[in-house]
Structure formats: C-alpha cells, structure tokens
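target_9.pdb follows (PDB, C-alpha atoms):
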```pdb
ATOM      1  CA  MET Z   1      37.979  20.378  15.940  1.00  0.00           C
ATOM      2  CA  SER Z   2      35.133  22.259  14.282  1.00  0.00           C
ATOM      3  CA  VAL Z   3      35.568  24.006  10.947  1.00  0.00           C
ATOM      4  CA  LEU Z   4      34.068  27.460  10.660  1.00  0.00           C
ATOM      5  CA  PRO Z   5      32.211  28.406   7.468  1.00  0.00           C
ATOM      6  CA  PRO Z   6      33.977  30.527   4.828  1.00  0.00           C
ATOM      7  CA  VAL Z   7      34.083  34.246   5.532  1.00  0.00           C
ATOM      8  CA  ARG Z   8      31.301  36.282   3.976  1.00  0.00           C
ATOM      9  CA  ARG Z   9      32.864  39.148   2.129  1.00  0.00           C
ATOM     10  CA  ASP Z  10      30.074  41.532   3.142  1.00  0.00           C
ATOM     11  CA  ARG Z  11      30.918  40.958   6.824  1.00  0.00           C
ATOM     12  CA  ILE Z  12      34.439  42.351   6.665  1.00  0.00           C
ATOM     13  CA  ILE Z  13      35.080  45.681   8.387  1.00  0.00           C
ATOM     14  CA  ALA Z  14      38.055  47.506   6.872  1.00  0.00           C
ATOM     15  CA  GLN Z  15      37.097  51.073   7.806  1.00  0.00           C
ATOM     16  CA  LEU Z  16      35.460  52.451  10.933  1.00  0.00           C
ATOM     17  CA  PRO Z  17      31.671  52.578  10.316  1.00  0.00           C
ATOM     18  CA  GLN Z  18      30.315  56.071  10.788  1.00  0.00           C
ATOM     19  CA  TYR Z  19      27.709  57.308  13.249  1.00  0.00           C
ATOM     20  CA  PHE Z  20      23.970  57.622  12.553  1.00  0.00           C
ATOM     21  CA  ARG Z  21      23.564  61.186  13.893  1.00  0.00           C
ATOM     22  CA  LYS Z  22      26.508  63.455  14.636  1.00  0.00           C
ATOM     23  CA  GLU Z  23      24.608  65.147  17.486  1.00  0.00           C
ATOM     24  CA  ALA Z  24      24.597  61.870  19.417  1.00  0.00           C
ATOM     25  CA  ALA Z  25      27.706  59.854  18.624  1.00  0.00           C
ATOM     26  CA  LEU Z  26      30.266  58.297  20.944  1.00  0.00           C
ATOM     27  CA  HIS Z  27      32.920  59.974  18.823  1.00  0.00           C
ATOM     28  CA  THR Z  28      33.105  61.527  15.360  1.00  0.00           C
ATOM     29  CA  LYS Z  29      36.553  60.472  14.176  1.00  0.00           C
ATOM     30  CA  GLU Z  30      36.798  59.124  10.643  1.00  0.00           C
ATOM     31  CA  ASN Z  31      38.889  56.005  11.173  1.00  0.00           C
ATOM     32  CA  PHE Z  32      40.319  53.521  13.634  1.00  0.00           C
ATOM     33  CA  ASN Z  33      43.048  54.576  16.023  1.00  0.00           C
ATOM     34  CA  ASN Z  34      46.475  54.273  14.334  1.00  0.00           C
ATOM     35  CA  LYS Z  35      47.717  52.033  17.141  1.00  0.00           C
ATOM     36  CA  VAL Z  36      44.861  49.643  16.426  1.00  0.00           C
ATOM     37  CA  LYS Z  37      45.521  49.600  12.677  1.00  0.00           C
ATOM     38  CA  THR Z  38      49.209  48.901  13.236  1.00  0.00           C
ATOM     39  CA  ALA Z  39      48.502  46.126  15.746  1.00  0.00           C
ATOM     40  CA  CYS Z  40      46.121  44.421  13.300  1.00  0.00           C
ATOM     41  CA  GLN Z  41      48.387  44.331  10.252  1.00  0.00           C
ATOM     42  CA  GLU Z  42      49.149  40.917   8.757  1.00  0.00           C
ATOM     43  CA  GLN Z  43      46.612  39.031  10.892  1.00  0.00           C
ATOM     44  CA  ARG Z  44      44.762  35.981   9.590  1.00  0.00           C
ATOM     45  CA  THR Z  45      41.215  36.258   8.245  1.00  0.00           C
ATOM     46  CA  GLY Z  46      38.391  35.299  10.621  1.00  0.00           C
ATOM     47  CA  THR Z  47      34.782  34.449   9.918  1.00  0.00           C
ATOM     48  CA  VAL Z  48      31.762  36.662  10.090  1.00  0.00           C
ATOM     49  CA  GLY Z  49      28.117  35.922  10.785  1.00  0.00           C
ATOM     50  CA  PHE Z  50      25.146  38.179  11.268  1.00  0.00           C
ATOM     51  CA  CYS Z  51      22.461  36.669  13.476  1.00  0.00           C
ATOM     52  CA  LYS Z  52      19.765  35.203  11.263  1.00  0.00           C
ATOM     53  CA  ASP Z  53      19.876  38.070   8.746  1.00  0.00           C
ATOM     54  CA  ALA Z  54      16.100  37.838   8.341  1.00  0.00           C
ATOM     55  CA  PHE Z  55      12.900  39.303   9.769  1.00  0.00           C
ATOM     56  CA  ASP Z  56      10.578  36.830  11.445  1.00  0.00           C
ATOM     57  CA  LYS Z  57       7.017  38.138  11.667  1.00  0.00           C
ATOM     58  CA  ASN Z  58       6.178  35.312  14.089  1.00  0.00           C
ATOM     59  CA  TYR Z  59       9.048  36.135  16.444  1.00  0.00           C
ATOM     60  CA  LYS Z  60       8.049  35.843  20.094  1.00  0.00           C
ATOM     61  CA  ALA Z  61       9.209  38.241  22.789  1.00  0.00           C
ATOM     62  CA  THR Z  62      12.334  37.205  24.662  1.00  0.00           C
ATOM     63  CA  ILE Z  63      11.633  35.109  27.750  1.00  0.00           C
ATOM     64  CA  GLY Z  64      14.378  35.700  30.284  1.00  0.00           C
ATOM     65  CA  VAL Z  65      17.525  35.940  28.138  1.00  0.00           C
ATOM     66  CA  ASP Z  66      18.459  35.116  24.539  1.00  0.00           C
ATOM     67  CA  PHE Z  67      22.035  34.777  23.284  1.00  0.00           C
ATOM     68  CA  GLU Z  68      23.848  35.102  19.949  1.00  0.00           C
ATOM     69  CA  MET Z  69      27.545  34.842  19.097  1.00  0.00           C
ATOM     70  CA  GLU Z  70      28.498  36.885  16.036  1.00  0.00           C
ATOM     71  CA  ARG Z  71      31.860  36.684  14.288  1.00  0.00           C
ATOM     72  CA  PHE Z  72      33.397  39.602  12.413  1.00  0.00           C
ATOM     73  CA  GLU Z  73      36.670  40.329  10.699  1.00  0.00           C
ATOM     74  CA  VAL Z  74      37.885  43.769  11.741  1.00  0.00           C
ATOM     75  CA  LEU Z  75      41.046  45.080  10.066  1.00  0.00           C
ATOM     76  CA  GLY Z  76      41.883  41.488   9.155  1.00  0.00           C
ATOM     77  CA  VAL Z  77      41.569  40.185  12.725  1.00  0.00           C
ATOM     78  CA  PRO Z  78      38.859  37.694  13.812  1.00  0.00           C
ATOM     79  CA  PHE Z  79      36.586  39.181  16.484  1.00  0.00           C
ATOM     80  CA  SER Z  80      33.573  37.621  18.185  1.00  0.00           C
ATOM     81  CA  LEU Z  81      30.767  39.648  19.700  1.00  0.00           C
ATOM     82  CA  GLN Z  82      28.572  38.093  22.376  1.00  0.00           C
ATOM     83  CA  LEU Z  83      25.026  39.495  22.272  1.00  0.00           C
ATOM     84  CA  TRP Z  84      22.797  39.003  25.320  1.00  0.00           C
ATOM     85  CA  ASP Z  85      19.181  39.991  24.679  1.00  0.00           C
ATOM     86  CA  THR Z  86      17.315  40.449  27.965  1.00  0.00           C
ATOM     87  CA  ALA Z  87      13.538  40.480  28.345  1.00  0.00           C
ATOM     88  CA  GLY Z  88      11.809  43.808  28.878  1.00  0.00           C
ATOM     89  CA  GLN Z  89       8.983  42.581  31.088  1.00  0.00           C
ATOM     90  CA  GLU Z  90       9.144  43.584  34.747  1.00  0.00           C
ATOM     91  CA  ARG Z  91       8.900  39.985  35.995  1.00  0.00           C
ATOM     92  CA  PHE Z  92      12.165  39.069  34.261  1.00  0.00           C
ATOM     93  CA  LYS Z  93      14.223  41.958  35.648  1.00  0.00           C
ATOM     94  CA  CYS Z  94      15.923  39.934  38.348  1.00  0.00           C
ATOM     95  CA  ILE Z  95      17.097  37.414  35.754  1.00  0.00           C
ATOM     96  CA  ALA Z  96      18.217  40.050  33.251  1.00  0.00           C
ATOM     97  CA  SER Z  97      20.382  41.924  35.747  1.00  0.00           C
ATOM     98  CA  THR Z  98      22.600  38.836  36.102  1.00  0.00           C
ATOM     99  CA  TYR Z  99      23.683  39.210  32.486  1.00  0.00           C
ATOM    100  CA  TYR Z 100      24.544  42.905  32.678  1.00  0.00           C
ATOM    101  CA  ARG Z 101      27.636  42.224  34.749  1.00  0.00           C
ATOM    102  CA  GLY Z 102      30.881  42.656  32.844  1.00  0.00           C
ATOM    103  CA  ALA Z 103      29.231  44.143  29.756  1.00  0.00           C
ATOM    104  CA  GLN Z 104      31.394  46.318  27.531  1.00  0.00           C
ATOM    105  CA  ILE Z 105      28.496  47.600  25.427  1.00  0.00           C
ATOM    106  CA  VAL Z 106      24.996  48.453  26.673  1.00  0.00           C
ATOM    107  CA  ILE Z 107      22.254  48.838  24.053  1.00  0.00           C
ATOM    108  CA  ILE Z 108      18.965  50.253  25.324  1.00  0.00           C
ATOM    109  CA  VAL Z 109      16.118  49.800  22.859  1.00  0.00           C
ATOM    110  CA  PHE Z 110      12.838  51.709  22.644  1.00  0.00           C
ATOM    111  CA  ASP Z 111       9.867  51.758  20.245  1.00  0.00           C
ATOM    112  CA  VAL Z 112       9.785  54.875  18.041  1.00  0.00           C
ATOM    113  CA  THR Z 113       6.001  54.540  17.771  1.00  0.00           C
ATOM    114  CA  ASP Z 114       5.586  54.570  21.555  1.00  0.00           C
ATOM    115  CA  ILE Z 115       6.833  57.673  23.378  1.00  0.00           C
ATOM    116  CA  ALA Z 116       6.234  55.942  26.720  1.00  0.00           C
ATOM    117  CA  SER Z 117       8.939  53.379  25.931  1.00  0.00           C
ATOM    118  CA  LEU Z 118      11.464  56.213  25.630  1.00  0.00           C
ATOM    119  CA  GLY Z 119      10.497  57.259  29.129  1.00  0.00           C
ATOM    120  CA  HIS Z 120      11.688  53.912  30.496  1.00  0.00           C
ATOM    121  CA  VAL Z 121      15.229  54.323  29.176  1.00  0.00           C
ATOM    122  CA  ARG Z 122      16.681  55.934  32.305  1.00  0.00           C
ATOM    123  CA  GLN Z 123      15.455  53.112  34.514  1.00  0.00           C
ATOM    124  CA  TRP Z 124      16.962  50.461  32.243  1.00  0.00           C
ATOM    125  CA  LEU Z 125      20.220  52.402  32.191  1.00  0.00           C
ATOM    126  CA  GLU Z 126      20.248  52.652  35.978  1.00  0.00           C
ATOM    127  CA  ASP Z 127      19.711  48.892  36.273  1.00  0.00           C
ATOM    128  CA  ALA Z 128      22.529  48.136  33.825  1.00  0.00           C
ATOM    129  CA  LEU Z 129      25.018  50.483  35.474  1.00  0.00           C
ATOM    130  CA  LYS Z 130      24.430  48.929  38.890  1.00  0.00           C
ATOM    131  CA  GLU Z 131      26.373  45.935  37.566  1.00  0.00           C
ATOM    132  CA  ASN Z 132      29.098  47.829  35.680  1.00  0.00           C
ATOM    133  CA  ASP Z 133      31.579  50.662  35.893  1.00  0.00           C
ATOM    134  CA  PRO Z 134      29.883  53.565  34.040  1.00  0.00           C
ATOM    135  CA  THR Z 135      33.265  54.764  32.743  1.00  0.00           C
ATOM    136  CA  ALA Z 136      34.008  51.363  31.169  1.00  0.00           C
ATOM    137  CA  VAL Z 137      30.741  50.895  29.232  1.00  0.00           C
ATOM    138  CA  GLN Z 138      29.891  52.210  25.774  1.00  0.00           C
ATOM    139  CA  LEU Z 139      26.205  53.084  25.616  1.00  0.00           C
ATOM    140  CA  PHE Z 140      23.832  53.012  22.624  1.00  0.00           C
ATOM    141  CA  LEU Z 141      20.235  54.221  22.469  1.00  0.00           C
ATOM    142  CA  VAL Z 142      18.340  52.511  19.631  1.00  0.00           C
ATOM    143  CA  GLY Z 143      14.864  53.257  18.322  1.00  0.00           C
ATOM    144  CA  THR Z 144      13.165  50.290  16.624  1.00  0.00           C
ATOM    145  CA  LYS Z 145      10.133  49.867  14.335  1.00  0.00           C
ATOM    146  CA  LYS Z 146      11.096  52.890  12.257  1.00  0.00           C
ATOM    147  CA  ASP Z 147       9.063  51.455   9.365  1.00  0.00           C
ATOM    148  CA  LEU Z 148       5.851  51.846  11.398  1.00  0.00           C
ATOM    149  CA  SER Z 149       6.387  55.521  12.126  1.00  0.00           C
ATOM    150  CA  SER Z 150       5.257  58.328   9.825  1.00  0.00           C
ATOM    151  CA  PRO Z 151       7.908  60.933   8.934  1.00  0.00           C
ATOM    152  CA  ALA Z 152       6.194  63.535  11.120  1.00  0.00           C
ATOM    153  CA  GLN Z 153       5.823  61.159  14.058  1.00  0.00           C
ATOM    154  CA  TYR Z 154       9.409  59.979  13.784  1.00  0.00           C
ATOM    155  CA  SER Z 155      10.766  63.510  13.495  1.00  0.00           C
ATOM    156  CA  GLN Z 156       9.143  64.440  16.791  1.00  0.00           C
ATOM    157  CA  ILE Z 157      10.328  61.424  18.764  1.00  0.00           C
ATOM    158  CA  GLU Z 158      13.792  61.649  17.252  1.00  0.00           C
ATOM    159  CA  GLN Z 159      14.252  65.098  18.759  1.00  0.00           C
ATOM    160  CA  ASP Z 160      13.386  63.732  22.193  1.00  0.00           C
ATOM    161  CA  ALA Z 161      15.619  60.702  21.661  1.00  0.00           C
ATOM    162  CA  LEU Z 162      18.590  62.799  20.540  1.00  0.00           C
ATOM    163  CA  LYS Z 163      18.218  65.038  23.582  1.00  0.00           C
ATOM    164  CA  LEU Z 164      18.098  62.030  25.896  1.00  0.00           C
ATOM    165  CA  ALA Z 165      21.066  60.381  24.159  1.00  0.00           C
ATOM    166  CA  GLN Z 166      23.155  63.497  24.703  1.00  0.00           C
ATOM    167  CA  GLU Z 167      22.150  63.651  28.365  1.00  0.00           C
ATOM    168  CA  ILE Z 168      23.090  60.037  29.090  1.00  0.00           C
ATOM    169  CA  ARG Z 169      26.116  60.138  26.746  1.00  0.00           C
ATOM    170  CA  ALA Z 170      24.841  57.462  24.413  1.00  0.00           C
ATOM    171  CA  GLU Z 171      25.150  57.078  20.653  1.00  0.00           C
ATOM    172  CA  TYR Z 172      21.755  57.216  18.975  1.00  0.00           C
ATOM    173  CA  TRP Z 173      20.487  55.017  16.130  1.00  0.00           C
ATOM    174  CA  ALA Z 174      17.108  54.293  14.556  1.00  0.00           C
ATOM    175  CA  VAL Z 175      16.515  50.949  12.826  1.00  0.00           C
ATOM    176  CA  SER Z 176      13.849  48.755  11.270  1.00  0.00           C
ATOM    177  CA  SER Z 177      14.015  44.975  11.640  1.00  0.00           C
ATOM    178  CA  LEU Z 178      11.331  44.590   8.971  1.00  0.00           C
ATOM    179  CA  THR Z 179      13.044  46.552   6.202  1.00  0.00           C
ATOM    180  CA  GLY Z 180      16.582  46.064   7.491  1.00  0.00           C
ATOM    181  CA  GLU Z 181      17.185  49.823   7.548  1.00  0.00           C
ATOM    182  CA  ASN Z 182      20.398  50.588   9.487  1.00  0.00           C
ATOM    183  CA  VAL Z 183      20.525  47.126  11.117  1.00  0.00           C
ATOM    184  CA  LYS Z 184      23.769  45.988   9.483  1.00  0.00           C
ATOM    185  CA  GLU Z 185      25.292  49.447   9.816  1.00  0.00           C
ATOM    186  CA  PHE Z 186      24.449  49.596  13.511  1.00  0.00           C
ATOM    187  CA  PHE Z 187      25.934  46.225  14.443  1.00  0.00           C
ATOM    188  CA  PHE Z 188      29.046  46.895  12.365  1.00  0.00           C
ATOM    189  CA  ARG Z 189      29.458  50.128  14.315  1.00  0.00           C
ATOM    190  CA  VAL Z 190      29.009  48.320  17.643  1.00  0.00           C
ATOM    191  CA  ALA Z 191      31.481  45.576  16.704  1.00  0.00           C
ATOM    192  CA  SER Z 192      34.052  48.084  15.468  1.00  0.00           C
ATOM    193  CA  LEU Z 193      33.949  50.298  18.547  1.00  0.00           C
ATOM    194  CA  ALA Z 194      34.065  47.286  20.867  1.00  0.00           C
ATOM    195  CA  PHE Z 195      37.009  45.885  18.905  1.00  0.00           C
ATOM    196  CA  GLU Z 196      38.957  49.140  19.014  1.00  0.00           C
ATOM    197  CA  THR Z 197      38.366  49.576  22.752  1.00  0.00           C
ATOM    198  CA  ASN Z 198      39.551  46.030  23.468  1.00  0.00           C
ATOM    199  CA  VAL Z 199      42.687  46.313  21.350  1.00  0.00           C
ATOM    200  CA  LEU Z 200      43.686  49.647  22.891  1.00  0.00           C
ATOM    201  CA  ALA Z 201      43.170  48.228  26.372  1.00  0.00           C
ATOM    202  CA  GLU Z 202      45.231  45.158  25.497  1.00  0.00           C
ATOM    203  CA  LEU Z 203      48.048  47.245  24.045  1.00  0.00           C
ATOM    204  CA  GLU Z 204      48.089  49.482  27.106  1.00  0.00           C
ATOM    205  CA  LYS Z 205      48.151  46.477  29.434  1.00  0.00           C
ATOM    206  CA  SER Z 206      50.793  44.523  27.556  1.00  0.00           C
ATOM    207  CA  GLY Z 207      52.981  47.349  26.311  1.00  0.00           C
ATOM    208  CA  SER Z 208      54.256  47.807  22.775  1.00  0.00           C
ATOM    209  CA  ARG Z 209      53.822  44.903  20.347  1.00  0.00           C
ATOM    210  CA  GLN Z 210      55.594  43.831  17.221  1.00  0.00           C
ATOM    211  CA  ILE Z 211      53.637  44.046  13.997  1.00  0.00           C
ATOM    212  CA  GLY Z 212      52.203  40.601  13.343  1.00  0.00           C
ATOM    213  CA  ASP Z 213      51.915  39.644  17.022  1.00  0.00           C
ATOM    214  CA  VAL Z 214      48.605  38.051  17.927  1.00  0.00           C
ATOM    215  CA  VAL Z 215      46.254  40.415  19.703  1.00  0.00           C
ATOM    216  CA  ARG Z 216      44.227  38.413  22.185  1.00  0.00           C
ATOM    217  CA  ILE Z 217      40.923  40.000  23.098  1.00  0.00           C
ATOM    218  CA  ASN Z 218      39.577  38.781  26.421  1.00  0.00           C
ATOM    219  CA  SER Z 219      35.944  39.167  27.456  1.00  0.00           C
ATOM    220  CA  THR Z 220      34.969  39.364  31.114  1.00  0.00           C
ATOM    221  CA  SER Z 221      31.617  37.877  30.208  1.00  0.00           C
ATOM    222  CA  ASN Z 222      32.811  34.512  28.854  1.00  0.00           C
ATOM    223  CA  ASN Z 223      31.533  32.588  31.851  1.00  0.00           C
ATOM    224  CA  LEU Z 224      28.291  34.432  32.409  1.00  0.00           C
ATOM    225  CA  TYR Z 225      26.136  31.571  31.203  1.00  0.00           C
ATOM    226  CA  ALA Z 226      27.917  29.008  33.355  1.00  0.00           C
ATOM    227  CA  ALA Z 227      27.726  31.286  36.387  1.00  0.00           C
ATOM    228  CA  SER Z 228      24.033  31.885  35.903  1.00  0.00           C
ATOM    229  CA  LYS Z 229      23.291  28.144  35.859  1.00  0.00           C
ATOM    230  CA  LYS Z 230      25.027  27.697  39.195  1.00  0.00           C
ATOM    231  CA  LYS Z 231      22.878  30.276  40.905  1.00  0.00           C
ATOM    232  CA  GLN Z 232      19.484  30.800  39.349  1.00  0.00           C
ATOM    233  CA  PRO Z 233      17.434  33.640  40.873  1.00  0.00           C
ATOM    234  CA  ASN Z 234      14.094  32.553  42.302  1.00  0.00           C
ATOM    235  CA  CYS Z 235      12.429  35.940  42.621  1.00  0.00           C
ATOM    236  CA  CYS Z 236      10.485  35.735  39.364  1.00  0.00           C
ATOM    237  CA  GLN Z 237       7.126  33.989  39.205  1.00  0.00           C
TER     238      GLN Z 237
END
```
Here is a file; write its structure as structure tokens.
Amino acid sequence: MSVLPPVRRDRIIAQLPQYFRKEAALHTKENFNNKVKTACQEQRTGTVGFCKDAFDKNYKATIGVDFEMERFEVLGVPFSLQLWDTAGQERFKCIASTYYRGAQIVIIVFDVTDIASLGHVRQWLEDALKENDPTAVQLFLVGTKKDLSSPAQYSQIEQDALKLAQEIRAEYWAVSSLTGENVKEFFFRVASLAFETNVLAELEKSGSRQIGDVVRINSTSNNLYAASKKKQPNCCQ
C-alpha cells in the first residue's frame, strides 16, 4: 500500500474558481451547485499535486502522447484529474485521436503570438468531437506564451480568440508557462468544473444520498492507456 504525500494547502479548492473572461465562460455562477456542496460535506481530505510546478526552458515537444495524474481536494473530497497531452504535429494525429475517446474535458491550445495557430482550432475540435458526444464535453480554448506577446498584439488576437470561443461554446483563457500567469487558476477551474459535473451526474444516476456518503467519481478513460497498448496504430511514420 503506497502512502500519498501530505496535502499541500495551496492545492485545496473550497470555492468555485472564477472565469478568465466573462464573454467566453462555460457559466458565470459564483459558486458550486448546492447539491454538490451538500454531497461533499464531511468527506476526508485528499492530496493535491500540480504537475511539475516549474517552467523548463529545455522542454521538448510532445512525441505522441504525454500523461499526468493530478490530485486535488475539492470541497473536502479527493479528486484526481487525468491529463493527456497529445502532440500537435500532423504525423501524430492518428495516435492522438485514440486518447480523445471518453474525454470529459477538451482543452485546445494555440499560440497567442501566432495567429495561424488559432486558425487550426476548428480542425482540432472536429477531430476531438469525432470520438466524443459534443453535449457531454466541456471545452476550453487556451492561448499560451502570453509573456511573448506585446499588449497591442495580444489585444488584437484576444478579440479573435474570444469570438471563436463564443462560436464553438468554449471557455477562453490566456496563460504563460514561463511566468506562471493564470496557470494555477486555469487548472483549478478545469478541476472544479470537472468535479462538479461528475458529482451531479453521480447523484442523478444514484438518486438522493445521505450527507457523509462516499461520492465515487468514475472516469470512462481509466483504461485508455491499456487499450492503446493492445492496438497500436501503424499509420504514422
């Protein structure tokens, strides 16, 4: 039996993190659903991690797929978020699509210093939704490298990004891995919305619960890695 490290107090989510821009948010409510708060009362404390919590200037582009498991404590309940980072290069598309299946959150990332990368968003979205029910996926549009963009340049691309986010019904964020701007806030928002969606679905499926009952959150993607090893695509050279 493995022992998890002590919980980091700065990784506890007690209130629903707010959106980055109100014009492009999945919703604008101020707090968690009351049913979720009630269901989570008197639960045991979990552990929280946050990737590597550092910027690596020598980081190499993802080859195929990268994976991280992040643990949060949301309203006192342990919650794990599986993060699958797929490569953006065309030759890895057939591998990446395998990992879209069963996703609850889709995060499409573009470079705020490269307007052309924003133009590829619709294609990535189309690929992701081929493997999922569009009504069951929460979508985020995230601009990276904000530290490399001048205020004037960013202001222009943000307008285009906000317009696109509204059209595809995504929540928009802009972040910087180098400075850390909005990185923690963004992932806390993702974890919180995923948590709330899962708890509401579980409560609806199982009916009313007693306060203090354990809320089990099941992920349809638990066996993705095992499934992918059984059948590796051979279309990529």
When you count all atoms listed in the file, which of these residues is closest to Val142 in chain Z: Z:Glu171, Z:Glu30, Z:Glu202, Z:Glu196?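 The shortest atom-to-atom distance to Val142 in chain Z comes from Z:Glu171.
Counting all atoms listed in the file, the residue from Z:Val112, Z:Thr197, Z:Thr28, Z:Pro78 that sits nearest to Leu148 in chain Z is Z:Val112.
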Between CA of Ala128 in chain Z and CA of Val106 in chain Z, what is the distance, to one decimal in Å? 7.6 Å
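The residue set within 12 Å of Phe32 in chain Z, counting only C-alpha atoms and dropping same-chain residues fewer than 6 places from it, reads Z:Ile13, Z:Ala14, Z:Gln15, Z:Leu16, Z:Pro17, Z:Gln18, Z:Thr38, Z:Ala39, Z:Cys40, Z:Val74, Z:Leu75, Z:Arg189, Z:Ser192, Z:Leu193, Z:Ala194, Z:Phe195, Z:Glu196, Z:Thr197, Z:Val199, Z:Leu200.
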Every residue with an atom at most 9 Å from (17.7, 53.0, 12.8) (file coordinates; all atoms listed in the file) is what I'm after, so could you write them as a ChimeraX atom specification? /Z:20,142-146,172-177,180-183,185-186
File dump, residues just selected, C-alpha atoms, as a CSV table (one decimal), in the coordinates of the input:
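For reference, out-v2.csv as written:
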```
chain,number,residue,atom,x,y,z
Z,20,PHE,CA,24.0,57.6,12.6
Z,142,VAL,CA,18.3,52.5,19.6
Z,143,GLY,CA,14.9,53.3,18.3
Z,144,THR,CA,13.2,50.3,16.6
Z,145,LYS,CA,10.1,49.9,14.3
Z,146,LYS,CA,11.1,52.9,12.3
Z,172,TYR,CA,21.8,57.2,19.0
Z,173,TRP,CA,20.5,55.0,16.1
Z,174,ALA,CA,17.1,54.3,14.6
Z,175,VAL,CA,16.5,50.9,12.8
Z,176,SER,CA,13.8,48.8,11.3
Z,177,SER,CA,14.0,45.0,11.6
Z,180,GLY,CA,16.6,46.1,7.5
Z,181,GLU,CA,17.2,49.8,7.5
Z,182,ASN,CA,20.4,50.6,9.5
Z,183,VAL,CA,20.5,47.1,11.1
Z,185,GLU,CA,25.3,49.4,9.8
Z,186,PHE,CA,24.4,49.6,13.5
```
Spatial neighbours of Ile107 in chain Z, 8 Å, all atoms listed in the file, chain gap at least 3 places, as a PyMOL selection string: chain Z and resi 139-142
Tell me, in Å to one decimal, how far CA of Phe110 in chain Z is from CA of Trp124 in chain Z.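 Between CA of Phe110 in chain Z and CA of Trp124 in chain Z the gap is 10.5 Å.
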Find the residue from Z:Ala103, Z:Leu118, Z:Met69, Z:Val77 that sits nearest to Lys130 in chain Z; use all atoms listed in the file when measuring.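 That would be Z:Ala103, the residue with the smallest distance to Lys130 in chain Z.
Using only C-alpha atoms for every distance, the candidate list Z:Gln104, Z:Val190, Z:Ser206, Z:Arg21 yields Z:Val190 as the residue closest to Phe72 in chain Z.
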Counting all atoms listed in the file, which residue out of Z:Gln156, Z:Asn34, Z:Gln166, Z:His27 sits closest to Ile115 in chain Z?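 The answer is Z:Gln156, which sits nearest to Ile115 in chain Z.
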For a quick check of understanding, using all atoms listed in the file, which of Z:Leu26, Z:Leu83, Z:Val36, Z:Ile157 has the smallest distance to Gly119 in chain Z?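 Selected residue with least distance to Gly119 in chain Z: Z:Ile157.
Coordinates place CA of Leu203 in chain Z at a distance of 8.4 Å from CA of Lys35 in chain Z.
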